[in-house]
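target.cif (mmCIF, C-alpha atoms and all ligand atoms) appears below.
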data_query
loop_
_atom_site.group_PDB
_atom_site.id
_atom_site.type_symbol
_atom_site.label_atom_id
_atom_site.label_comp_id
_atom_site.auth_asym_id
_atom_site.auth_seq_id
_atom_site.Cartn_x
_atom_site.Cartn_y
_atom_site.Cartn_z
ATOM 1 C CA MET A 1 0.000 0.000 0.000
ATOM 2 C CA VAL A 2 2.808 2.381 0.957
ATOM 3 C CA LYS A 3 4.677 1.493 -2.260
ATOM 4 C CA TYR A 4 1.555 2.130 -4.349
ATOM 5 C CA TYR A 5 0.928 5.478 -2.678
ATOM 6 C CA LEU A 6 4.561 6.575 -3.083
ATOM 7 C CA GLN A 7 4.620 5.561 -6.738
ATOM 8 C CA LYS A 8 1.243 6.986 -7.785
ATOM 9 C CA GLY A 9 0.957 9.862 -5.328
ATOM 10 C CA THR A 10 -2.754 9.103 -4.800
ATOM 11 C CA HIS A 11 -4.932 6.579 -3.019
ATOM 12 C CA LYS A 12 -7.099 6.241 -6.139
ATOM 13 C CA GLY A 13 -6.761 2.743 -7.589
ATOM 14 C CA LEU A 14 -5.169 1.416 -4.400
ATOM 15 C CA TYR A 15 -8.150 -0.756 -3.516
ATOM 16 C CA ARG A 16 -8.133 -2.399 -6.983
ATOM 17 C CA ASN A 17 -4.431 -3.056 -6.522
ATOM 18 C CA ILE A 18 -4.821 -4.876 -3.216
ATOM 19 C CA ALA A 19 -8.328 -6.319 -3.710
ATOM 20 C CA ARG A 20 -7.313 -9.880 -4.518
ATOM 21 C CA THR A 21 -4.992 -10.216 -1.502
ATOM 22 C CA LEU A 22 -7.502 -8.532 0.791
ATOM 23 C CA LYS A 23 -10.346 -10.820 -0.302
ATOM 24 C CA PHE A 24 -8.197 -13.923 0.051
ATOM 25 C CA PHE A 25 -6.920 -13.207 3.563
ATOM 26 C CA GLN A 26 -10.148 -11.819 4.973
ATOM 27 C CA THR A 27 -12.070 -14.848 3.695
ATOM 28 C CA PHE A 28 -9.359 -17.164 5.016
ATOM 29 C CA ALA A 29 -9.948 -15.592 8.450
ATOM 30 C CA LEU A 30 -13.092 -17.744 8.673
ATOM 31 C CA LEU A 31 -10.700 -20.430 9.874
ATOM 32 C CA GLU A 32 -10.259 -18.362 13.037
ATOM 33 C CA VAL A 33 -13.921 -18.883 13.865
ATOM 34 C CA GLY A 34 -13.485 -22.609 13.268
ATOM 35 C CA HIS A 35 -10.428 -22.654 15.533
ATOM 36 C CA CYS A 36 -12.429 -21.101 18.377
ATOM 37 C CA ALA A 37 -15.349 -23.467 17.745
ATOM 38 C CA ILE A 38 -13.213 -26.616 17.983
ATOM 39 C CA GLY A 39 -11.210 -25.248 20.911
ATOM 40 C CA ILE A 40 -7.745 -24.851 19.346
ATOM 41 C CA VAL A 41 -7.888 -21.189 20.392
ATOM 42 C CA ARG A 42 -9.219 -20.206 23.799
ATOM 43 C CA THR A 43 -11.451 -17.289 22.881
ATOM 44 C CA SER A 44 -15.094 -16.491 22.229
ATOM 45 C CA VAL A 45 -16.640 -17.851 19.010
ATOM 46 C CA ILE A 46 -19.208 -15.049 19.109
ATOM 47 C CA VAL A 47 -16.672 -12.212 19.382
ATOM 48 C CA THR A 48 -14.439 -13.717 16.711
ATOM 49 C CA GLY A 49 -17.451 -14.571 14.521
ATOM 50 C CA VAL A 50 -18.866 -11.032 14.590
ATOM 51 C CA GLN A 51 -15.425 -9.563 13.881
ATOM 52 C CA VAL A 52 -14.676 -11.895 10.949
ATOM 53 C CA CYS A 53 -18.196 -11.763 9.443
ATOM 54 C CA SER A 54 -18.313 -7.970 9.558
ATOM 55 C CA ARG A 55 -15.033 -7.783 7.662
ATOM 56 C CA ILE A 56 -16.067 -10.378 5.081
ATOM 57 C CA PHE A 57 -19.284 -8.460 4.624
ATOM 58 C CA MET A 58 -17.353 -5.180 4.124
ATOM 59 C CA VAL A 59 -14.998 -6.747 1.617
ATOM 60 C CA TRP A 60 -17.362 -8.865 -0.499
ATOM 61 C CA PHE A 61 -20.792 -7.275 -0.213
ATOM 62 C CA ILE A 62 -19.803 -3.623 -0.032
ATOM 63 C CA THR A 63 -16.402 -2.690 -1.388
ATOM 64 C CA ASN A 64 -15.971 -5.459 -3.933
ATOM 65 C CA SER A 65 -19.556 -5.218 -5.162
ATOM 66 C CA ILE A 66 -19.756 -1.452 -5.616
ATOM 67 C CA ARG A 67 -16.983 -0.217 -7.857
ATOM 68 C CA GLN A 68 -18.041 3.447 -7.456
ATOM 69 C CA ILE A 69 -17.017 3.551 -3.793
ATOM 70 C CA GLN A 70 -13.652 1.824 -4.091
ATOM 71 C CA ASN A 71 -11.740 5.111 -4.206
ATOM 72 C CA GLU A 72 -13.413 6.584 -1.118
ATOM 73 C CA GLU A 73 -10.967 7.724 1.593
ATOM 74 C CA SER A 74 -13.018 5.704 4.095
ATOM 75 C CA VAL A 75 -12.063 2.475 2.296
ATOM 76 C CA ILE A 76 -8.387 3.342 2.662
ATOM 77 C CA LEU A 77 -9.030 4.197 6.317
ATOM 78 C CA PHE A 78 -10.443 0.806 7.250
ATOM 79 C CA VAL A 79 -7.947 -1.102 5.083
ATOM 80 C CA VAL A 80 -4.977 0.686 6.723
ATOM 81 C CA VAL A 81 -6.460 0.194 10.203
ATOM 82 C CA TRP A 82 -7.118 -3.541 9.603
ATOM 83 C CA THR A 83 -3.598 -3.958 8.221
ATOM 84 C CA VAL A 84 -1.835 -2.282 11.148
ATOM 85 C CA THR A 85 -4.024 -4.232 13.580
ATOM 86 C CA GLU A 86 -3.351 -7.608 11.985
ATOM 87 C CA ILE A 87 0.398 -7.063 11.668
ATOM 88 C CA THR A 88 0.452 -6.404 15.406
ATOM 89 C CA ARG A 89 -1.919 -9.259 16.279
ATOM 90 C CA TYR A 90 -0.143 -11.931 14.266
ATOM 91 C CA SER A 91 3.271 -10.728 15.485
ATOM 92 C CA PHE A 92 1.879 -11.160 18.991
ATOM 93 C CA TYR A 93 0.684 -14.723 18.273
ATOM 94 C CA THR A 94 3.943 -15.696 16.564
ATOM 95 C CA PHE A 95 6.294 -14.404 19.264
ATOM 96 C CA ASN A 96 3.966 -15.768 21.942
ATOM 97 C CA LEU A 97 4.181 -19.248 20.417
ATOM 98 C CA LEU A 98 7.975 -18.899 20.255
ATOM 99 C CA ASN A 99 7.984 -17.951 23.966
ATOM 100 C CA HIS A 100 9.929 -14.790 23.128
ATOM 101 C CA LEU A 101 7.346 -12.057 23.253
ATOM 102 C CA PRO A 102 8.871 -8.562 23.260
ATOM 103 C CA TYR A 103 6.930 -6.343 25.665
ATOM 104 C CA PHE A 104 6.315 -3.645 23.051
ATOM 105 C CA ILE A 105 4.416 -6.143 20.840
ATOM 106 C CA LYS A 106 2.310 -7.267 23.788
ATOM 107 C CA TRP A 107 1.764 -3.621 24.693
ATOM 108 C CA ALA A 108 0.807 -2.743 21.099
ATOM 109 C CA ARG A 109 -1.597 -5.714 20.794
ATOM 110 C CA TYR A 110 -3.498 -4.653 23.909
ATOM 111 C CA ASN A 111 -3.334 -0.866 23.554
ATOM 112 C CA MET A 112 -3.543 0.027 19.879
ATOM 113 C CA PHE A 113 -7.095 -1.286 19.580
ATOM 114 C CA ILE A 114 -8.225 1.552 21.865
ATOM 115 C CA VAL A 115 -7.753 3.926 18.922
ATOM 116 C CA MET A 116 -7.776 1.475 15.996
ATOM 117 C CA TYR A 117 -11.159 -0.107 16.733
ATOM 118 C CA PRO A 118 -13.124 3.171 16.630
ATOM 119 C CA LEU A 119 -11.155 4.302 13.568
ATOM 120 C CA GLY A 120 -11.947 1.024 11.788
ATOM 121 C CA VAL A 121 -15.625 1.385 12.648
ATOM 122 C CA VAL A 122 -15.663 4.982 11.335
ATOM 123 C CA GLY A 123 -14.069 3.794 8.055
ATOM 124 C CA GLU A 124 -16.551 0.940 7.707
ATOM 125 C CA LEU A 125 -19.632 3.015 8.526
ATOM 126 C CA LEU A 126 -18.613 5.855 6.203
ATOM 127 C CA THR A 127 -18.061 3.315 3.424
ATOM 128 C CA ILE A 128 -21.491 1.726 3.893
ATOM 129 C CA HIS A 129 -22.988 5.223 4.011
ATOM 130 C CA ALA A 130 -21.246 6.105 0.731
ATOM 131 C CA ALA A 131 -22.652 2.906 -0.815
ATOM 132 C CA LEU A 132 -26.279 3.689 0.031
ATOM 133 C CA PRO A 133 -27.110 5.920 -2.980
ATOM 134 C CA TYR A 134 -25.671 3.374 -5.449
ATOM 135 C CA VAL A 135 -27.522 0.528 -3.778
ATOM 136 C CA ARG A 136 -30.802 2.448 -3.867
ATOM 137 C CA ARG A 137 -30.368 3.459 -7.524
ATOM 138 C CA SER A 138 -29.277 0.054 -8.799
ATOM 139 C CA GLY A 139 -31.539 -2.118 -6.643
ATOM 140 C CA MET A 140 -28.623 -4.543 -6.282
ATOM 141 C CA TYR A 141 -29.079 -7.713 -4.207
ATOM 142 C CA SER A 142 -32.738 -6.768 -3.789
ATOM 143 C CA LEU A 143 -35.787 -8.800 -4.576
ATOM 144 C CA ARG A 144 -38.947 -6.936 -5.577
ATOM 145 C CA LEU A 145 -42.510 -8.219 -5.599
ATOM 146 C CA PRO A 146 -44.082 -9.787 -7.507
ATOM 147 C CA ASN A 147 -41.721 -12.732 -7.957
ATOM 148 C CA LYS A 148 -42.146 -16.491 -8.017
ATOM 149 C CA TYR A 149 -40.926 -16.857 -4.395
ATOM 150 C CA ASN A 150 -43.340 -14.172 -3.150
ATOM 151 C CA VAL A 151 -40.556 -12.715 -1.021
ATOM 152 C CA SER A 152 -39.181 -9.203 -1.024
ATOM 153 C CA PHE A 153 -35.801 -8.021 0.182
ATOM 154 C CA ASP A 154 -34.373 -4.519 0.036
ATOM 155 C CA TYR A 155 -30.606 -4.385 0.328
ATOM 156 C CA TYR A 156 -30.743 -0.621 0.944
ATOM 157 C CA TYR A 157 -32.738 -1.072 4.167
ATOM 158 C CA PHE A 158 -30.671 -4.109 5.063
ATOM 159 C CA LEU A 159 -27.560 -1.884 4.972
ATOM 160 C CA ILE A 160 -29.239 0.635 7.242
ATOM 161 C CA ILE A 161 -29.991 -2.205 9.697
ATOM 162 C CA VAL A 162 -26.347 -3.348 9.457
ATOM 163 C CA MET A 163 -25.189 0.197 10.266
ATOM 164 C CA LEU A 164 -27.560 0.346 13.253
ATOM 165 C CA SER A 165 -26.342 -3.056 14.453
ATOM 166 C CA TYR A 166 -22.929 -1.517 15.144
ATOM 167 C CA ILE A 167 -24.553 0.337 18.073
ATOM 168 C CA PRO A 168 -25.181 -2.801 20.187
ATOM 169 C CA LEU A 169 -22.420 -4.995 18.714
ATOM 170 C CA PHE A 170 -19.368 -2.776 18.647
ATOM 171 C CA PRO A 171 -19.341 -2.071 22.428
ATOM 172 C CA GLN A 172 -19.390 -5.850 23.043
ATOM 173 C CA LEU A 173 -16.206 -6.271 20.967
ATOM 174 C CA TYR A 174 -14.565 -3.219 22.447
ATOM 175 C CA PHE A 175 -15.298 -4.214 26.063
ATOM 176 C CA HIS A 176 -14.099 -7.742 25.320
ATOM 177 C CA MET A 177 -10.737 -6.265 24.276
ATOM 178 C CA LEU A 178 -10.654 -3.990 27.332
ATOM 179 C CA ARG A 179 -11.179 -7.067 29.523
ATOM 180 C CA GLN A 180 -8.420 -8.930 27.625
ATOM 181 C CA ARG A 181 -6.169 -5.920 28.156
ATOM 182 C CA ARG A 182 -6.769 -5.966 31.916
ATOM 183 C CA ARG A 183 -6.156 -9.724 31.994
ATOM 184 C CA VAL A 184 -2.954 -9.738 29.938
ATOM 185 C CA LEU A 185 -1.320 -6.441 30.910
ATOM 186 C CA HIS A 186 -2.507 -6.173 34.503
ATOM 187 C CA GLY A 187 -2.959 -9.857 35.403
ATOM 188 C CA GLU A 188 -6.617 -9.525 36.406
ATOM 189 C CA ILE A 189 -8.712 -12.714 36.429
ATOM 190 C CA ILE A 190 -11.688 -12.173 34.143
ATOM 191 C CA VAL A 191 -14.597 -14.572 33.575
ATOM 192 C CA GLU A 192 -16.165 -14.208 30.103
ATOM 193 C CA LYS A 193 -19.966 -14.675 30.075
ATOM 194 C CA ASP A 194 -20.201 -16.478 26.720
ATOM 195 C CA GLU A 195 -17.353 -18.964 27.282
HETATM 196 C C1 LIG A 201 -24.291 -9.986 7.796
HETATM 197 C C2 LIG A 201 -23.400 -8.862 8.146
HETATM 198 C C3 LIG A 201 -23.177 -8.716 9.596
HETATM 199 C C4 LIG A 201 -22.488 -7.452 9.919
HETATM 200 C C5 LIG A 201 -22.548 -7.145 11.395
HETATM 201 C C6 LIG A 201 -21.988 -5.822 11.664
HETATM 202 C C7 LIG A 201 -21.756 -5.559 13.104
HETATM 203 C C8 LIG A 201 -20.324 -5.230 13.377
HETATM 204 C C9 LIG A 201 -20.064 -4.661 14.683
HETATM 205 C C10 LIG A 201 -18.673 -4.132 14.913
HETATM 206 C C11 LIG A 201 -17.662 -4.466 13.905
HETATM 207 C C12 LIG A 201 -16.305 -3.913 14.253
HETATM 208 C C13 LIG A 201 -15.511 -3.819 13.041
HETATM 209 C C14 LIG A 201 -14.110 -3.512 13.327
HETATM 210 C C15 LIG A 201 -13.163 -4.107 12.637
HETATM 211 C C16 LIG A 201 -11.768 -3.906 12.918
HETATM 212 O O1 LIG A 201 -10.984 -4.796 12.940
HETATM 213 S S1 LIG A 201 -11.213 -2.356 13.230
HETATM 214 C C17 LIG A 201 -9.486 -2.552 13.572
HETATM 215 C C18 LIG A 201 -9.161 -2.764 15.019
HETATM 216 N N1 LIG A 201 -9.452 -4.086 15.376
HETATM 217 C C19 LIG A 201 -8.946 -4.675 16.449
HETATM 218 O O2 LIG A 201 -8.153 -4.123 17.200
HETATM 219 C C20 LIG A 201 -9.392 -6.056 16.679
HETATM 220 C C21 LIG A 201 -9.260 -6.386 18.102
HETATM 221 N N2 LIG A 201 -10.049 -7.524 18.350
HETATM 222 C C22 LIG A 201 -9.541 -8.686 18.401
HETATM 223 O O3 LIG A 201 -8.372 -8.851 18.260
HETATM 224 C C23 LIG A 201 -10.583 -9.690 18.639
HETATM 225 O O4 LIG A 201 -11.413 -9.472 19.645
HETATM 226 C C24 LIG A 201 -10.354 -11.127 18.295
HETATM 227 C C25 LIG A 201 -9.139 -11.404 17.488
HETATM 228 C C26 LIG A 201 -11.558 -11.431 17.440
HETATM 229 C C27 LIG A 201 -10.354 -12.033 19.539
HETATM 230 O O5 LIG A 201 -9.253 -11.809 20.294
HETATM 231 P P1 LIG A 201 -9.112 -12.315 21.792
HETATM 232 O O6 LIG A 201 -10.388 -12.800 22.358
HETATM 233 O O7 LIG A 201 -8.412 -11.214 22.517
HETATM 234 O O8 LIG A 201 -8.233 -13.538 21.673
HETATM 235 P P2 LIG A 201 -6.651 -13.545 21.694
HETATM 236 O O9 LIG A 201 -6.125 -12.997 22.977
HETATM 237 O O10 LIG A 201 -6.170 -12.908 20.473
HETATM 238 O O11 LIG A 201 -6.376 -15.097 21.665
HETATM 239 C C28 LIG A 201 -6.671 -15.961 22.775
HETATM 240 C C29 LIG A 201 -5.539 -16.948 22.965
HETATM 241 O O12 LIG A 201 -5.341 -17.716 21.779
HETATM 242 C C30 LIG A 201 -4.068 -17.428 21.202
HETATM 243 N N3 LIG A 201 -4.260 -17.330 19.755
HETATM 244 C C31 LIG A 201 -5.334 -16.825 19.142
HETATM 245 N N4 LIG A 201 -5.209 -16.905 17.815
HETATM 246 C C32 LIG A 201 -4.011 -17.464 17.569
HETATM 247 C C33 LIG A 201 -3.308 -17.798 16.385
HETATM 248 N N5 LIG A 201 -3.837 -17.553 15.181
HETATM 249 N N6 LIG A 201 -2.105 -18.359 16.513
HETATM 250 C C34 LIG A 201 -1.582 -18.610 17.733
HETATM 251 N N7 LIG A 201 -2.196 -18.302 18.910
HETATM 252 C C35 LIG A 201 -3.401 -17.743 18.823
HETATM 253 C C36 LIG A 201 -3.600 -16.142 21.829
HETATM 254 O O13 LIG A 201 -2.225 -16.041 21.912
HETATM 255 C C37 LIG A 201 -4.214 -16.241 23.211
HETATM 256 O O14 LIG A 201 -3.449 -17.125 24.002
HETATM 257 P P3 LIG A 201 -3.234 -16.867 25.551
HETATM 258 O O15 LIG A 201 -2.545 -15.533 25.680
HETATM 259 O O16 LIG A 201 -2.392 -17.997 26.005
HETATM 260 O O17 LIG A 201 -4.604 -16.863 26.191
#
For the structure just supplied, provide its representation as structure tokens.
Ligand SMILES: CCCCCCCCCCCCC/C=C/C(=O)SCCNC(=O)CCNC(=O)[C@H](O)C(C)(C)COP(=O)(O)OP(=O)(O)OC[C@H]1O[C@@H](n2cnc3c(N)ncnc32)[C@H](O)[C@@H]1OP(=O)(O)O
Amino acid sequence: MVKYYLQKGTHKGLYRNIARTLKFFQTFALLEVGHCAIGIVRTSVIVTGVQVCSRIFMVWFITNSIRQIQNEESVILFVVVWTVTEITRYSFYTFNLLNHLPYFIKWARYNMFIVMYPLGVVGELLTIHAALPYVRRSGMYSLRLPNKYNVSFDYYYFLIIVMLSYIPLFPQLYFHMLRQRRRVLHGEIIVEKDE
């Protein structure tokens, strides 16, 4: 991403450039949910599931599907935030497994989210908001009556519901991380409700 920006001097076209890699790795992250479900990783399936599904949704059903929004600054915002977050998170896992975890990586894993999570949410919500006019105009992924299934679905309103669902869901993820932070950095014993 940095190389692209330095070479082109603009963020326009950056999403197209990284789209294939982004789609591959974000989809691959579904394995993380499986790992929690079968107990390889000791963390909440619900928290991990919401996190992974919201990203897959952003990648496939918003950014990849609506070409007109791919050059929005908000797309770059959430992509940069996800990237920085995952570099830190996977460095943490790797060094942890090697039993040589530098304190600054542990510190970064359990502090950076305080700023990165809200920034990621802002990027995602602004991107969905930017998509709304195109979705309304094109009627994409919508099913209008009459049809042979006798079912109607309006993707435009679905997106509004998705945006509203951040209000109850995001605090759950954020407080989960705050609890993890207290456990790992301050040694507090925390009992998760959904475990
Ligand atoms: C149909 C559409 C639906 C849409 C719905 C929309 C609603 C959306 C609501 C809100 C969406 C928010 C969107 C935001 C997205 C962003 O990412 S913004 C960027 C900032 N993001 C973050 O900072 C993410 C922070 N969150 C997390 O990291 C997560 O909560 C988590 C990864 C999902 C879970 O982490 P946690 O419970 O803290 O578990 P860990 O501590 O990481 O792991 C537990 C133990 O397991 C070990 N481990 C885990 N994975 C691995 C691995 N791959 N390899 C090796 N080891 C692993 C880990 O070391 C821990 O071990 P111990 O320390 O021994 O316990």
Using only C-alpha atoms and all ligand atoms, find each residue of chain A with at least one atom at most 8 Å away from an atom of ligand LIG 201 (chain A); report its shortest atom-to-atom pair and that distance in Å (one decimal), sort the rows by chain and rising residue number, and return the result as a tab-separated table.
residue	atom	partner	partner_atom	distance
A:Glu32	CA	A:LIG201	N5	6.8
A:Ile40	CA	A:LIG201	O12	7.9
A:Val41	CA	A:LIG201	O12	4.5
A:Arg42	CA	A:LIG201	C29	5.0
A:Thr43	CA	A:LIG201	O6	4.6
A:Ser44	CA	A:LIG201	O6	6.0
A:Val47	CA	A:LIG201	C26	5.5
A:Thr48	CA	A:LIG201	C26	3.7
A:Gly49	CA	A:LIG201	C26	7.3
A:Val50	CA	A:LIG201	C8	6.1
A:Gln51	CA	A:LIG201	C11	5.6
A:Val52	CA	A:LIG201	C26	7.2
A:Cys53	CA	A:LIG201	C3	5.8
A:Ser54	CA	A:LIG201	C4	4.2
A:Arg55	CA	A:LIG201	C15	6.5
A:Phe57	CA	A:LIG201	C2	5.4
A:Phe78	CA	A:LIG201	S1	6.8
A:Val81	CA	A:LIG201	C17	5.3
A:Trp82	CA	A:LIG201	C17	4.7
A:Thr85	CA	A:LIG201	O2	5.5
A:Glu86	CA	A:LIG201	C19	7.7
A:Arg89	CA	A:LIG201	O3	6.8
A:Tyr90	CA	A:LIG201	N5	6.8
A:Phe92	CA	A:LIG201	O13	7.0
A:Tyr93	CA	A:LIG201	C34	4.5
A:Thr94	CA	A:LIG201	C34	6.4
A:Asn96	CA	A:LIG201	O13	6.2
A:Leu97	CA	A:LIG201	C34	6.4
A:Arg109	CA	A:LIG201	O2	7.6
A:Met112	CA	A:LIG201	O2	6.8
A:Phe113	CA	A:LIG201	O2	3.9
A:Ile114	CA	A:LIG201	O2	7.3
A:Val115	CA	A:LIG201	C18	7.9
A:Met116	CA	A:LIG201	C18	4.6
A:Tyr117	CA	A:LIG201	C18	3.7
A:Pro118	CA	A:LIG201	S1	6.8
A:Leu119	CA	A:LIG201	S1	6.7
A:Gly120	CA	A:LIG201	S1	3.7
A:Val121	CA	A:LIG201	C14	5.2
A:Glu124	CA	A:LIG201	C13	7.2
A:Val162	CA	A:LIG201	C6	5.5
A:Met163	CA	A:LIG201	C6	7.0
A:Ser165	CA	A:LIG201	C7	5.4
A:Tyr166	CA	A:LIG201	C9	4.3
A:Ile167	CA	A:LIG201	C9	7.5
A:Pro168	CA	A:LIG201	C9	7.7
A:Leu169	CA	A:LIG201	C9	4.7
A:Phe170	CA	A:LIG201	C10	4.0
A:Pro171	CA	A:LIG201	C10	7.8
A:Leu173	CA	A:LIG201	O4	5.9
A:Tyr174	CA	A:LIG201	N2	7.5
A:His176	CA	A:LIG201	O4	6.5
A:Met177	CA	A:LIG201	O4	5.7
A:Gln180	CA	A:LIG201	O7	5.6
A:Val184	CA	A:LIG201	O15	7.2
Protein/DNA/RNA residues near (-19.4, 2.2, 3.4), cut 12 Å, only C-alpha atoms, as an MDAnalysis selection string: chainID A and resid 54:55 57:78 120:135 156 159:160 162:163
Starting from the displayed file, determine the output of the PyMOL selection byres (((chain A and resi 105) around 9) and not hetatm) and express the residue list as JSON, numbers by chain. {"A": [88, 89, 91, 92, 95, 101, 102, 103, 104, 106, 107, 108, 109, 110]}
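Applied to the shown file, the PyMOL selection byres (((chain A and resi 4) around 12) and not hetatm) selects the residues Met1, Val2, Lys3, Tyr5, Leu6, Gln7, Lys8, Gly9, Thr10, His11, Lys12, Gly13, Leu14, Tyr15, Arg16, Asn17 and Ile18 of chain A.
Using only C-alpha atoms for every distance, the candidate list A:Ile46, A:Arg183, A:Tyr157, A:Ile56 yields A:Ile56 as the residue closest to A:Ala29.
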